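Asker: Provided below: run-v9.txt, containing compact mmCIF, C-alpha atoms and all ligand atoms.
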# COMPACT_ATOMS: atom_id res chain seq x y z
CA MET A 1 5.19 6.34 24.12
CA LYS A 2 8.72 6.17 22.59
CA ILE A 3 9.02 5.82 18.82
CA LEU A 4 12.43 5.19 17.25
CA ILE A 5 12.63 6.25 13.57
CA ASP A 6 15.28 6.05 10.88
CA GLU A 7 16.60 9.59 10.49
CA ASN A 8 16.33 9.10 6.73
CA MET A 9 12.55 8.73 6.76
CA PRO A 10 11.06 11.94 5.33
CA TYR A 11 8.03 13.38 7.16
CA ALA A 12 8.36 10.79 9.95
CA GLN A 13 9.36 13.30 12.63
CA GLU A 14 6.30 15.52 12.00
CA LEU A 15 3.88 12.62 11.68
CA PHE A 16 4.97 10.38 14.53
CA SER A 17 5.50 13.26 17.00
CA GLN A 18 1.68 13.44 17.06
CA LEU A 19 1.72 10.02 18.76
CA GLY A 20 4.63 10.11 21.18
CA ASP A 21 8.28 10.96 21.81
CA VAL A 22 10.26 10.49 18.58
CA ILE A 23 13.95 9.53 18.57
CA ALA A 24 15.69 9.67 15.17
CA LYS A 25 18.88 7.70 14.53
CA PRO A 26 20.89 6.44 11.50
CA GLY A 27 19.13 3.27 10.42
CA ARG A 28 22.16 1.29 9.32
CA THR A 29 23.90 1.44 12.72
CA LEU A 30 21.04 0.77 15.17
CA THR A 31 22.03 -1.57 18.05
CA ALA A 32 20.16 -3.55 20.71
CA ASP A 33 20.82 -0.77 23.21
CA ASP A 34 18.90 1.66 20.96
CA LEU A 35 15.78 -0.49 21.38
CA VAL A 36 15.66 -0.39 25.20
CA GLY A 37 12.40 1.24 26.28
CA ILE A 38 11.21 1.69 22.68
CA ASP A 39 7.54 0.99 21.97
CA ALA A 40 7.61 1.27 18.16
CA LEU A 41 10.39 1.09 15.56
CA MET A 42 10.03 2.73 12.13
CA ILE A 43 12.76 1.77 9.70
CA ARG A 44 13.93 1.66 6.13
CA SER A 45 15.73 -1.14 4.32
CA VAL A 46 19.15 -0.48 5.87
CA THR A 47 18.07 -1.70 9.33
CA LYS A 48 18.34 -5.45 9.75
CA VAL A 49 15.62 -6.46 12.21
CA ASN A 50 16.89 -9.72 13.69
CA ALA A 51 17.40 -11.40 17.06
CA ASP A 52 20.51 -9.35 17.82
CA LEU A 53 18.75 -6.04 17.23
CA ILE A 54 15.69 -6.80 19.37
CA ALA A 55 17.61 -8.66 22.11
CA LYS A 56 16.96 -5.82 24.62
CA ALA A 57 13.66 -4.59 23.16
CA ASP A 58 11.73 -4.79 26.44
CA LYS A 59 8.71 -2.75 25.27
CA LEU A 60 8.66 -3.16 21.49
CA LYS A 61 5.23 -3.94 20.08
CA PHE A 62 5.27 -2.52 16.53
CA VAL A 63 7.80 -2.45 13.66
CA GLY A 64 7.14 -0.61 10.39
CA THR A 65 9.33 -0.43 7.31
CA ALA A 66 8.61 2.43 4.92
CA THR A 67 9.81 0.31 2.03
CA ALA A 68 8.52 -2.14 -0.55
CA GLY A 69 11.20 -4.71 0.16
CA GLN A 70 10.95 -6.65 3.41
CA ASP A 71 14.01 -8.92 3.22
CA HIS A 72 15.71 -6.92 6.00
CA VAL A 73 13.10 -7.96 8.56
CA ASP A 74 12.85 -11.38 10.25
CA GLN A 75 9.07 -11.43 10.22
CA ASP A 76 8.83 -14.90 11.77
CA LEU A 77 10.87 -13.69 14.74
CA LEU A 78 8.59 -10.66 15.24
CA ALA A 79 5.52 -12.88 15.02
CA THR A 80 6.88 -15.23 17.69
CA LYS A 81 7.51 -12.20 19.91
CA GLY A 82 4.00 -10.90 19.32
CA ILE A 83 5.39 -7.78 17.63
CA THR A 84 3.16 -6.37 14.88
CA PHE A 85 4.90 -5.72 11.54
CA THR A 86 3.88 -3.58 8.58
CA ALA A 87 5.51 -2.51 5.31
CA ALA A 88 4.72 -0.09 2.47
CA PRO A 89 4.13 -2.31 -0.56
CA GLY A 90 4.11 -0.41 -3.85
CA CYS A 91 4.97 2.93 -2.23
CA ASN A 92 7.80 3.56 -4.69
CA LYS A 93 6.73 1.51 -7.72
CA VAL A 94 6.32 4.68 -9.78
CA GLY A 95 9.83 5.90 -9.04
CA VAL A 96 11.43 2.60 -9.99
CA ALA A 97 9.46 2.39 -13.24
CA GLU A 98 10.43 5.97 -14.11
CA TYR A 99 14.06 5.08 -13.33
CA VAL A 100 13.87 2.22 -15.84
CA LEU A 101 12.22 4.46 -18.48
CA SER A 102 14.86 7.15 -18.00
CA SER A 103 17.66 4.58 -18.33
CA LEU A 104 16.17 3.18 -21.54
CA MET A 105 15.49 6.59 -23.09
CA VAL A 106 19.01 7.84 -22.37
CA LEU A 107 20.60 4.60 -23.60
CA GLY A 108 18.48 4.86 -26.74
CA GLN A 109 19.93 8.29 -27.40
CA GLN A 110 23.49 7.18 -26.59
CA GLN A 111 23.33 3.94 -28.59
CA ASP A 112 21.07 5.34 -31.34
CA PHE A 113 18.13 3.00 -30.94
CA SER A 114 14.42 3.62 -30.46
CA ILE A 115 12.83 2.13 -27.35
CA TYR A 116 9.99 1.15 -29.70
CA ASP A 117 12.38 -1.31 -31.34
CA ARG A 118 13.14 -3.04 -28.05
CA THR A 119 11.28 -5.85 -26.26
CA ILE A 120 11.42 -5.59 -22.50
CA GLY A 121 11.64 -8.69 -20.30
CA ILE A 122 10.24 -7.94 -16.85
CA ILE A 123 11.29 -10.45 -14.18
CA GLY A 124 8.93 -9.97 -11.24
CA ALA A 125 5.39 -8.79 -11.97
CA GLY A 126 4.48 -7.37 -8.59
CA ASN A 127 3.90 -3.72 -7.81
CA VAL A 128 6.93 -2.38 -9.71
CA GLY A 129 6.83 -4.86 -12.60
CA THR A 130 3.11 -4.35 -13.09
CA TYR A 131 3.39 -0.56 -13.01
CA LEU A 132 6.30 -0.66 -15.47
CA ALA A 133 4.18 -2.86 -17.76
CA LYS A 134 1.39 -0.28 -17.53
CA CYS A 135 3.82 2.41 -18.65
CA LEU A 136 5.02 0.26 -21.54
CA ASP A 137 1.41 -0.40 -22.54
CA ALA A 138 0.82 3.38 -22.55
CA LEU A 139 3.73 3.75 -24.97
CA GLY A 140 2.88 0.68 -27.03
CA ILE A 141 6.21 -0.97 -26.26
CA ARG A 142 6.33 -4.79 -26.32
CA TYR A 143 7.18 -6.62 -23.12
CA LEU A 144 7.08 -10.12 -21.64
CA LEU A 145 6.43 -10.96 -18.00
CA ASN A 146 8.13 -13.66 -15.93
CA ASP A 147 6.74 -14.39 -12.48
CA PRO A 148 6.28 -18.10 -11.68
CA LEU A 149 4.82 -17.34 -8.27
CA LYS A 150 2.10 -15.07 -9.61
CA GLN A 151 1.49 -17.64 -12.34
CA ALA A 152 1.11 -20.40 -9.73
CA GLU A 153 -1.27 -18.21 -7.74
CA GLY A 154 -3.59 -18.15 -10.75
CA ASP A 155 -2.84 -14.62 -11.96
CA LYS A 156 -4.50 -14.55 -15.38
CA ARG A 157 -1.90 -12.41 -17.11
CA GLN A 158 0.35 -13.91 -19.82
CA PHE A 159 3.57 -15.09 -18.20
CA ASP A 160 6.59 -16.50 -20.01
CA SER A 161 9.59 -18.59 -18.99
CA LEU A 162 13.02 -17.08 -18.45
CA GLU A 163 14.08 -19.02 -21.54
CA ARG A 164 11.51 -17.17 -23.64
CA LEU A 165 12.50 -13.83 -22.17
CA LEU A 166 16.12 -14.60 -23.06
CA ALA A 167 15.14 -15.62 -26.57
CA GLU A 168 12.86 -12.67 -27.31
CA CYS A 169 13.86 -9.75 -25.09
CA ASP A 170 16.81 -7.45 -25.66
CA VAL A 171 16.16 -5.64 -22.40
CA ILE A 172 15.92 -7.55 -19.11
CA THR A 173 14.85 -5.69 -15.98
CA ALA A 174 14.67 -7.37 -12.56
CA HIS A 175 11.93 -6.49 -10.09
CA THR A 176 11.92 -9.38 -7.62
CA PRO A 177 12.70 -9.56 -3.92
CA ILE A 178 15.93 -11.23 -2.86
CA THR A 179 15.10 -14.78 -1.77
CA ARG A 180 17.38 -17.76 -1.12
CA GLY A 181 14.80 -20.44 -0.38
CA GLY A 182 11.64 -21.79 -1.94
CA GLU A 183 11.03 -23.11 -5.45
CA TYR A 184 12.13 -19.92 -7.22
CA PRO A 185 14.99 -18.35 -5.31
CA THR A 186 16.22 -15.06 -6.76
CA HIS A 187 19.74 -15.04 -5.33
CA HIS A 188 22.05 -14.91 -8.39
CA LEU A 189 19.03 -15.49 -10.60
CA ILE A 190 21.02 -13.56 -13.16
CA ASP A 191 24.29 -15.48 -13.18
CA ALA A 192 27.00 -16.29 -15.74
CA ASN A 193 24.76 -18.73 -17.64
CA PHE A 194 21.90 -16.22 -17.77
CA LEU A 195 24.22 -13.46 -18.96
CA ALA A 196 25.73 -15.74 -21.64
CA ALA A 197 22.23 -16.54 -22.91
CA MET A 198 21.20 -12.88 -23.25
CA GLN A 199 20.70 -11.39 -26.71
CA PRO A 200 23.63 -9.61 -28.41
CA ASN A 201 23.46 -5.85 -27.67
CA ALA A 202 21.16 -6.61 -24.72
CA ILE A 203 20.55 -4.30 -21.78
CA LEU A 204 20.32 -5.53 -18.18
CA ILE A 205 18.79 -3.35 -15.47
CA ASN A 206 18.81 -4.28 -11.78
CA ALA A 207 16.81 -1.94 -9.55
CA ALA A 208 15.63 -4.73 -7.26
CA ARG A 209 18.25 -6.10 -4.85
CA GLY A 210 21.97 -6.40 -5.48
CA PRO A 211 22.35 -10.19 -5.04
CA VAL A 212 19.69 -10.92 -7.69
CA VAL A 213 22.60 -10.40 -10.11
CA ASP A 214 25.95 -12.20 -9.65
CA ASN A 215 28.10 -9.08 -9.75
CA GLN A 216 31.34 -10.98 -10.40
CA ALA A 217 29.77 -12.78 -13.36
CA LEU A 218 28.40 -9.47 -14.62
CA LYS A 219 31.82 -7.86 -14.35
CA GLN A 220 33.36 -10.67 -16.41
CA ALA A 221 30.61 -10.49 -19.03
CA LEU A 222 30.92 -6.71 -19.31
CA GLN A 223 34.71 -6.93 -19.57
CA ALA A 224 34.35 -9.50 -22.35
CA SER A 225 31.90 -7.14 -24.03
CA VAL A 226 34.36 -4.25 -23.80
CA ASP A 227 37.33 -6.22 -25.13
CA GLY A 228 35.29 -7.71 -27.93
CA SER A 229 35.65 -11.31 -26.79
CA GLY A 230 31.96 -11.61 -25.83
CA LYS A 231 28.51 -10.39 -26.81
CA THR A 232 27.94 -6.65 -26.48
CA LEU A 233 26.18 -6.11 -23.15
CA THR A 234 24.98 -2.93 -21.41
CA ALA A 235 24.19 -2.91 -17.69
CA VAL A 236 22.49 -0.46 -15.34
CA LEU A 237 22.78 -1.14 -11.60
CA ASP A 238 20.95 0.73 -8.88
CA VAL A 239 21.70 -1.99 -6.35
CA PHE A 240 24.90 -3.86 -5.55
CA GLU A 241 25.74 -7.18 -3.90
CA GLN A 242 27.89 -5.64 -1.18
CA GLU A 243 26.24 -2.22 -0.80
CA PRO A 244 27.05 0.22 0.71
CA LEU A 245 30.34 -1.05 -0.72
CA VAL A 246 30.79 -1.04 -4.48
CA ASP A 247 33.32 -2.91 -6.61
CA LEU A 248 35.34 -0.10 -8.19
CA ALA A 249 36.38 -2.45 -11.01
CA LEU A 250 32.71 -2.95 -11.93
CA LEU A 251 31.79 0.73 -11.85
CA PRO A 252 33.43 1.85 -15.12
CA LEU A 253 31.91 -1.11 -16.96
CA LEU A 254 28.36 -0.01 -16.10
CA ALA A 255 26.36 2.31 -18.35
CA PHE A 256 24.67 3.81 -15.29
CA ALA A 257 25.38 3.21 -11.61
CA THR A 258 23.34 4.73 -8.78
CA PRO A 259 23.28 4.30 -4.97
CA HIS A 260 20.01 2.39 -4.49
CA VAL A 261 17.83 5.38 -5.35
CA ALA A 262 15.56 4.08 -8.10
CA GLY A 263 12.58 4.35 -5.75
CA TYR A 264 13.78 7.49 -4.01
CA GLY A 265 11.33 9.99 -5.46
CA LEU A 266 9.70 12.33 -2.96
CA GLU A 267 6.25 10.91 -3.64
CA GLY A 268 7.48 7.36 -3.01
CA LYS A 269 9.09 8.29 0.27
CA ALA A 270 6.04 10.26 1.37
CA ARG A 271 3.78 7.31 0.52
CA GLY A 272 6.09 4.94 2.43
CA THR A 273 6.08 7.04 5.58
CA THR A 274 2.33 7.73 5.50
CA MET A 275 1.51 4.05 4.83
CA VAL A 276 3.48 3.01 7.92
CA PHE A 277 2.07 5.91 9.96
CA ASN A 278 -1.50 5.02 9.04
CA SER A 279 -0.91 1.34 9.83
CA PHE A 280 0.50 2.31 13.22
CA CYS A 281 -2.52 4.55 13.89
CA GLN A 282 -4.82 1.63 13.08
CA PHE A 283 -2.76 -0.50 15.45
CA LEU A 284 -3.23 2.14 18.16
CA ASN A 285 -6.89 2.41 17.22
CA ASN A 286 -6.74 6.18 16.96
CA ASP A 287 -8.27 8.33 14.24
CA HIS A 288 -5.14 9.96 12.86
CA HIS A 289 -4.70 9.55 9.09
CA ALA A 290 -2.02 11.08 6.86
CA LEU A 291 -2.11 11.71 3.12
CA ALA A 292 1.19 11.74 1.21
CA SER A 293 -0.18 14.44 -1.10
CA ASP A 294 -0.61 16.81 1.88
CA LEU A 295 3.11 16.60 2.60
CA LEU A 296 4.53 17.25 -0.88
CA PRO A 297 5.85 20.65 -2.01
CA ILE A 298 4.74 22.18 -5.31
CA ALA A 299 6.79 20.76 -8.19
CA PRO A 300 9.53 23.13 -9.45
CA ILE A 301 8.27 22.74 -13.04
CA PRO A 302 4.50 22.73 -12.54
CA GLN A 303 3.43 22.93 -16.20
CA VAL A 304 4.68 22.47 -19.75
CA GLN A 305 2.77 23.18 -22.98
CA LEU A 306 2.86 20.83 -25.97
CA SER A 307 2.62 22.76 -29.23
CA ARG A 308 2.36 19.65 -31.40
CA GLN A 309 1.76 15.91 -31.34
CA TRP A 310 4.43 14.43 -29.10
CA ASP A 311 6.97 11.98 -30.48
CA GLU A 312 9.85 9.98 -29.00
CA ALA A 313 12.09 13.05 -28.91
CA SER A 314 9.54 15.19 -27.06
CA LEU A 315 8.73 12.26 -24.77
CA PHE A 316 12.45 12.06 -23.96
CA SER A 317 12.46 15.78 -23.11
CA LEU A 318 9.39 15.40 -20.91
CA ILE A 319 10.85 12.40 -19.07
CA GLN A 320 14.16 14.18 -18.63
CA LEU A 321 12.37 17.18 -17.12
CA VAL A 322 11.38 14.90 -14.25
CA TYR A 323 14.29 12.47 -14.01
CA ASP A 324 17.54 11.87 -15.88
CA VAL A 325 19.45 8.90 -14.47
CA ARG A 326 22.71 10.54 -15.53
CA LYS A 327 22.31 13.09 -12.74
CA ASP A 328 22.53 10.40 -10.06
CA ASP A 329 25.09 8.40 -12.02
CA GLY A 330 27.51 11.32 -12.22
CA ILE A 331 27.38 12.11 -8.50
CA PHE A 332 27.67 8.43 -7.58
CA ARG A 333 30.77 7.82 -9.71
CA ARG A 334 32.44 10.95 -8.40
CA GLU A 335 31.80 10.04 -4.75
CA MET A 336 32.75 6.37 -5.11
CA LEU A 337 36.00 7.18 -6.90
CA ALA A 338 36.80 9.86 -4.30
CA ALA A 339 36.35 7.24 -1.56
CA GLY A 340 38.74 4.94 -3.40
CA ASP A 341 39.80 1.80 -1.52
CA ASP A 342 38.73 3.17 1.86
CA ASN A 343 35.64 1.05 2.66
CA SER A 344 34.60 3.28 5.54
CA LYS A 345 34.69 6.38 3.33
CA MET A 346 32.81 4.52 0.59
CA ALA A 347 30.03 3.33 2.91
CA THR A 348 29.71 6.81 4.39
CA ALA A 349 29.53 8.39 0.93
CA PHE A 350 26.97 5.83 -0.28
CA ASP A 351 24.67 6.54 2.66
CA LEU A 352 25.20 10.32 2.56
CA MET A 353 24.13 10.45 -1.10
CA ARG A 354 20.91 8.66 -0.14
CA LYS A 355 20.35 10.75 3.01
CA ASN A 356 20.88 14.00 1.10
CA TYR A 357 19.06 12.86 -2.02
CA TRP A 358 17.49 15.67 -4.04
CA ASP A 359 13.73 16.32 -4.23
CA ARG A 360 13.11 14.11 -7.22
CA ARG A 361 9.47 14.04 -8.31
CA GLU A 362 7.27 11.70 -10.34
CA TYR A 363 5.72 12.41 -13.75
CA SER A 364 2.43 13.18 -11.97
CA ALA A 365 4.03 16.32 -10.53
CA ILE A 366 4.27 17.79 -14.03
CA THR A 367 1.17 19.15 -15.77
CA VAL A 368 1.20 18.80 -19.56
CA ALA A 369 -1.13 21.23 -21.34
CA ALA A 370 -2.03 20.18 -24.88
CA LYS A 371 -4.77 19.97 -27.46
CA ALA A 372 -6.75 16.72 -27.37
CA GLU A 373 -5.51 15.72 -30.81
CA PHE A 374 -1.92 15.58 -29.54
CA ALA A 375 -2.54 12.03 -28.23
CA VAL A 376 -2.12 13.21 -24.69
CA GLU A 377 -4.16 10.36 -23.27
CA SER A 378 -1.08 8.16 -23.51
CA LEU A 379 0.90 10.73 -21.53
CA ALA A 380 -1.83 10.61 -18.89
CA LYS A 381 -1.56 6.80 -18.80
CA LEU A 382 2.20 7.25 -18.37
CA GLY A 383 1.49 9.25 -15.23
CA PHE A 384 1.71 12.87 -16.35
CA THR A 385 -1.03 15.21 -15.19
CA VAL A 386 -2.65 16.28 -18.47
CA VAL A 387 -4.94 19.26 -19.10
CA GLU A 388 -6.57 19.78 -22.48
CA VAL A 389 -6.37 23.25 -24.03
CA THR A 390 -8.07 24.57 -27.15
CA GLN A 391 -5.13 26.45 -28.66
N1 LIG B 401 15.95 0.01 -5.97
C1 LIG B 401 14.93 0.50 -5.30
O1 LIG B 401 14.90 1.68 -4.92
C2 LIG B 401 13.76 -0.38 -4.99
C3 LIG B 401 13.90 -1.75 -4.97
N2 LIG B 401 12.83 -2.55 -4.73
C4 LIG B 401 13.03 -4.00 -4.74
O2 LIG B 401 12.28 -4.53 -5.83
C5 LIG B 401 11.52 -5.65 -5.38
C6 LIG B 401 10.20 -5.68 -6.11
O3 LIG B 401 9.44 -4.57 -5.68
P1 LIG B 401 7.85 -4.69 -5.73
O4 LIG B 401 7.41 -4.94 -7.13
O5 LIG B 401 7.30 -3.53 -4.99
O6 LIG B 401 7.61 -6.01 -4.86
P2 LIG B 401 6.41 -7.04 -4.99
O7 LIG B 401 6.53 -7.95 -3.82
O8 LIG B 401 5.14 -6.31 -5.25
O9 LIG B 401 6.73 -7.86 -6.33
C7 LIG B 401 7.79 -8.78 -6.40
C8 LIG B 401 7.37 -9.84 -7.41
O10 LIG B 401 8.48 -10.70 -7.66
C9 LIG B 401 7.95 -11.99 -7.87
N3 LIG B 401 9.01 -12.99 -7.74
C10 LIG B 401 9.52 -13.50 -6.60
N4 LIG B 401 10.46 -14.43 -6.90
C11 LIG B 401 10.54 -14.46 -8.27
C12 LIG B 401 11.31 -15.20 -9.21
N5 LIG B 401 12.21 -16.10 -8.79
N6 LIG B 401 11.15 -14.97 -10.52
C13 LIG B 401 10.24 -14.05 -10.95
N7 LIG B 401 9.45 -13.33 -10.12
C14 LIG B 401 9.61 -13.54 -8.79
C15 LIG B 401 6.84 -12.11 -6.84
O11 LIG B 401 5.94 -13.13 -7.19
C16 LIG B 401 6.23 -10.72 -6.92
O12 LIG B 401 5.16 -10.69 -7.83
C17 LIG B 401 11.35 -5.44 -3.87
O13 LIG B 401 11.26 -6.68 -3.19
C18 LIG B 401 12.61 -4.71 -3.48
O14 LIG B 401 13.59 -5.64 -3.10
C19 LIG B 401 11.56 -2.04 -4.55
C20 LIG B 401 11.38 -0.68 -4.53
C21 LIG B 401 12.47 0.25 -4.68
O1 LIG B 402 11.50 0.06 -0.93
C1 LIG B 402 12.49 -0.68 -1.15
O2 LIG B 402 12.48 -1.92 -1.10
C2 LIG B 402 13.75 -0.05 -1.51
O3 LIG B 402 14.65 -0.66 -2.04
C3 LIG B 402 13.96 1.37 -1.11
O4 LIG B 402 14.50 2.12 -2.15
C4 LIG B 402 14.87 1.30 0.05
O5 LIG B 402 15.25 2.57 0.43
P1 LIG B 402 15.95 2.67 1.88
O6 LIG B 402 14.98 2.02 2.83
O7 LIG B 402 17.21 1.85 1.77
O8 LIG B 402 16.16 4.10 2.14
Please render this file's structure as structure tokens.
Ligand SMILES: NC(=O)C1=CN([C@@H]2O[C@H](COP(=O)(O)OP(=O)(O)OC[C@H]3O[C@@H](n4cnc5c(N)ncnc54)[C@H](O)[C@@H]3O)[C@@H](O)[C@H]2O)C=CC1
Ligand SMILES: O=C(O)C(=O)[C@H](O)COP(=O)(O)O
Answerer:
Amino acid sequence: MKILIDENMPYAQELFSQLGDVIAKPGRTLTADDLVGIDALMIRSVTKVNADLIAKADKLKFVGTATAGQDHVDQDLLATKGITFTAAPGCNKVGVAEYVLSSLMVLGQQQDFSIYDRTIGIIGAGNVGTYLAKCLDALGIRYLLNDPLKQAEGDKRQFDSLERLLAECDVITAHTPITRGGEYPTHHLIDANFLAAMQPNAILINAARGPVVDNQALKQALQASVDGSGKTLTAVLDVFEQEPLVDLALLPLLAFATPHVAGYGLEGKARGTTMVFNSFCQFLNNDHHALASDLLPIAPIPQVQLSRQWDEASLFSLIQLVYDVRKDDGIFRREMLAAGDDNSKMATAFDLMRKNYWDRREYSAITVAAKAEFAVESLAKLGFTVVEVTQ
């Protein structure tokens, strides 16, 4: 059996080689010729699975994407061809939530505010939005949820309109797919009107898909903020409308800019690959089963000791131990500016940063040792591995 995998799919080579001959290629540049004689295709979000790509797929019977998002796959087309499709929903929800928390904690330090004084508007209450809400609950931080589809499905959680989020939230974070049809399309959901209606001194975070935010409108709003002719606005983008190309005029206006890596933690990637592998094994009706935890290396900082009740400052230190968005922001800006106006260099740099991404972990990889009275249960709810000690 021939299995074609995205070369940027960690652990895929070792897992899928148990099942057949594995061919690894760059996902963004796959062509129809690459699919000739291929039985199974394992991808990530950079591979557009459409009629052109599968035009010569004479043996293809399974496609798996090791990602939460599925907008890059024409699922109706695969269904009509009798090709089984699977994804990895929620595989990287933790990483994205921890990206948002890092962004807010660092901005709080830079702009001298406490995250406890902010109200977070979460647009999209699926795997990521729900996990982020869980983290905010653990910290006792107020948030509102907007998700008209979940609401229509009868989800019993409290949902609010975008208007209420705009009126009450000074942080807006988007966690929806990119959709252009249906009753609630997300393409340019955050447009010039939305931006104009945001609170003064508001923060916008997009770690969903680039086109959820109208990048031109955002650039104009941020420029107005900088030159004092508009409301003060702070924006964090992990995803861009034209990625792997980035508008160099937008870059300096952003508080943090990163190359679509919010969900790029090692645990998230391992979960994505094992979820697809396990689905493929079920499809083949064999008894292989992989566990992400078996694949992960020991964390570089396995344990920290709390000597007192934690507070916002010590929480910031703990979170930074695991992930500080400024690390990715700095590299990204340097590489994008070095590429300059050469689109080919920029696209190559964008993808290389993601291919060579560092071994970022999740809070669960860190063990926090502390006395019970140090309110460590909230750190455990936040995802840290907590052990109680007596002194
Ligand atoms: N930057 C990154 O590294 C990552 C980006 N993503 C992106 O974030 C999106 C969300 O991820 P998950 O939570 O795992 O997906 P999910 O499918 O579990 O949740 C998406 C939620 O958005 C809701 N939604 C759809 N249209 C909406 C609208 N117009 N207004 C409000 N809510 C709407 C859906 O009802 C659903 O509950 C993914 O589709 C993907 O595009 C996901 C993981 C990593
Ligand atoms: O899971 C998703 O959806 C994401 O956006 C992932 O971060 C995509 O990562 P790649 O598949 O582009 O490596």
Asker: Hey, which residues come within 7 Å of ligand LIG 401 (chain B) if we count all atoms listed in the file? Could you give them as a ChimeraX atom specification?
Answerer: /A:67-70,89-90,92-93,96,123-129,146-150,175-179,184-186,207-209,238-239,260-264
Asker: For a quick check of understanding, using all atoms listed in the file, which of A:Leu41, A:Ala197, A:Leu266, A:Leu166 has the smallest distance to Ala299 of chain A?
Answerer: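 Using all atoms listed in the file, the shortest distance to Ala299 of chain A belongs to A:Leu266.
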Asker: With all atoms listed in the file as the atoms that count, which of A:Ala375, A:Leu245, A:Ala365, A:Ala292 lies nearest to Val304 of chain A?
Answerer: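 Nearest candidate to Val304 of chain A out of A:Ala375, A:Leu245, A:Ala365, A:Ala292: A:Ala365.
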Asker: Between atom C1 of ligand LIG 402 (chain B) and atom CA of Cys91 of chain A, what distance in Å does the model show, to one decimal?
Answerer: 8.4 Å
Asker: What are the closest atom pairs, with distances in Å to one decimal, for each residue of segment 217-297 of chain A lying within 12 Å of segment 200-205 of chain A, using only C-alpha atoms, rows by chain and rising residue number, as a tab-separated table?
Answerer:
residue	atom	partner	partner_atom	distance
A:Leu218	CA	A:Leu204	CA	9.7
A:Ala221	CA	A:Leu204	CA	11.5
A:Leu222	CA	A:Leu204	CA	10.7
A:Ser225	CA	A:Asn201	CA	9.3
A:Val226	CA	A:Asn201	CA	11.7
A:Gly228	CA	A:Pro200	CA	11.8
A:Gly230	CA	A:Pro200	CA	8.9
A:Lys231	CA	A:Pro200	CA	5.2
A:Thr232	CA	A:Asn201	CA	4.7
A:Leu233	CA	A:Asn201	CA	5.3
A:Thr234	CA	A:Ile203	CA	4.7
A:Ala235	CA	A:Leu204	CA	4.7
A:Val236	CA	A:Ile205	CA	4.7
A:Leu237	CA	A:Ile205	CA	6.0
A:Asp238	CA	A:Ile205	CA	8.0
A:Val239	CA	A:Ile205	CA	9.7
A:Phe240	CA	A:Ile205	CA	11.7
A:Leu254	CA	A:Leu204	CA	10.0
A:Ala255	CA	A:Ile203	CA	9.4
A:Phe256	CA	A:Ile205	CA	9.3
A:Ala257	CA	A:Ile205	CA	10.1
A:Thr258	CA	A:Ile205	CA	11.4
A:Ala262	CA	A:Ile205	CA	11.0
Asker: Show me, as a PDB file with C-alpha atoms, in the coordinates of the input, the residues that have an atom within 10 Å of Leu306 of chain A when counting all atoms listed in the file, minus same-chain residues fewer than 6 positions from it.
Answerer:
ATOM      1  CA  SER A 314       9.540  15.190 -27.060  1.00  0.00           C
ATOM      2  CA  LEU A 318       9.390  15.400 -20.910  1.00  0.00           C
ATOM      3  CA  VAL A 368       1.200  18.800 -19.560  1.00  0.00           C
ATOM      4  CA  ALA A 369      -1.130  21.230 -21.340  1.00  0.00           C
ATOM      5  CA  ALA A 370      -2.030  20.180 -24.880  1.00  0.00           C
ATOM      6  CA  LYS A 371      -4.770  19.970 -27.460  1.00  0.00           C
ATOM      7  CA  PHE A 374      -1.920  15.580 -29.540  1.00  0.00           C
ATOM      8  CA  VAL A 376      -2.120  13.210 -24.690  1.00  0.00           C
ATOM      9  CA  VAL A 389      -6.370  23.250 -24.030  1.00  0.00           C
TER      10      VAL A 389
END
Asker: Using Å and a single decimal, report how far atom CA of Val36 of chain A sits from atom CA of Lys59 of chain A.
Answerer: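 Atom CA of Lys59 of chain A sits 7.3 Å away from atom CA of Val36 of chain A.
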Asker: Box in all listed atoms of ligand LIG 402 (chain B), axis-aligned, with 8 Å more on each side; write out centre and edge lengths in Å to one decimal as lines of an AutoDock Vina configuration file.
Answerer:
center_x = 14.4
center_y = 1.1
center_z = 0.3
size_x = 21.7
size_y = 22.0
size_z = 21.0
Asker: Let me make sure I understand: among A:Gly121, A:Gly340, A:Gly210, A:Pro302, which one has the smallest atom-to-atom distance to ligand LIG 402 (chain B) if we use all atoms listed in the file?
Answerer: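 Checking each candidate against ligand LIG 402 (chain B), we get A:Gly210 as the closest.
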Asker: With a distance cut-off of 10 Å and all atoms listed in the file, select the neighbouring residues of Ser378 of chain A, excluding the residue or stretch itself and same-chain residues fewer than 2 positions from it, and output the selection as a list in words.
Answerer: Cys135, Asp137, Ala138, Leu139, Gly140, Phe374, Ala375, Val376, Ala380, Lys381, Leu382, Gly383, Phe384 and Val386 of chain A
Asker: Between atom CA of Glu183 of chain A and atom CA of Lys156 of chain A, what distance in Å does the model show, to one decimal?
Answerer: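 Here the two named atoms are 20.3 Å from each other.
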Asker: Hey, which of A:Tyr99, A:Phe85, A:Phe194, A:Phe316 ends up closest to ligand LIG 402 (chain B)? Count all atoms listed in the file.
Answerer: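 Residue with the minimum atom-to-atom distance to ligand LIG 402 (chain B): A:Tyr99.
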Asker: Calculated over all atoms listed in the file, which of the candidates A:Leu296, A:Met1, A:Ile43, A:Ile23 has the smallest distance to ligand LIG 402 (chain B)?
Answerer: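 Ranking A:Leu296, A:Met1, A:Ile43, A:Ile23 by distance to ligand LIG 402 (chain B), first place goes to A:Ile43.
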Asker: Restricting the calculation to all atoms listed in the file, which member of A:Ala88, A:Leu4, A:Val276, A:Ala57 is positioned closest to ligand LIG 402 (chain B)?
Answerer: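 Checking each candidate against ligand LIG 402 (chain B), we get A:Ala88 as the closest.
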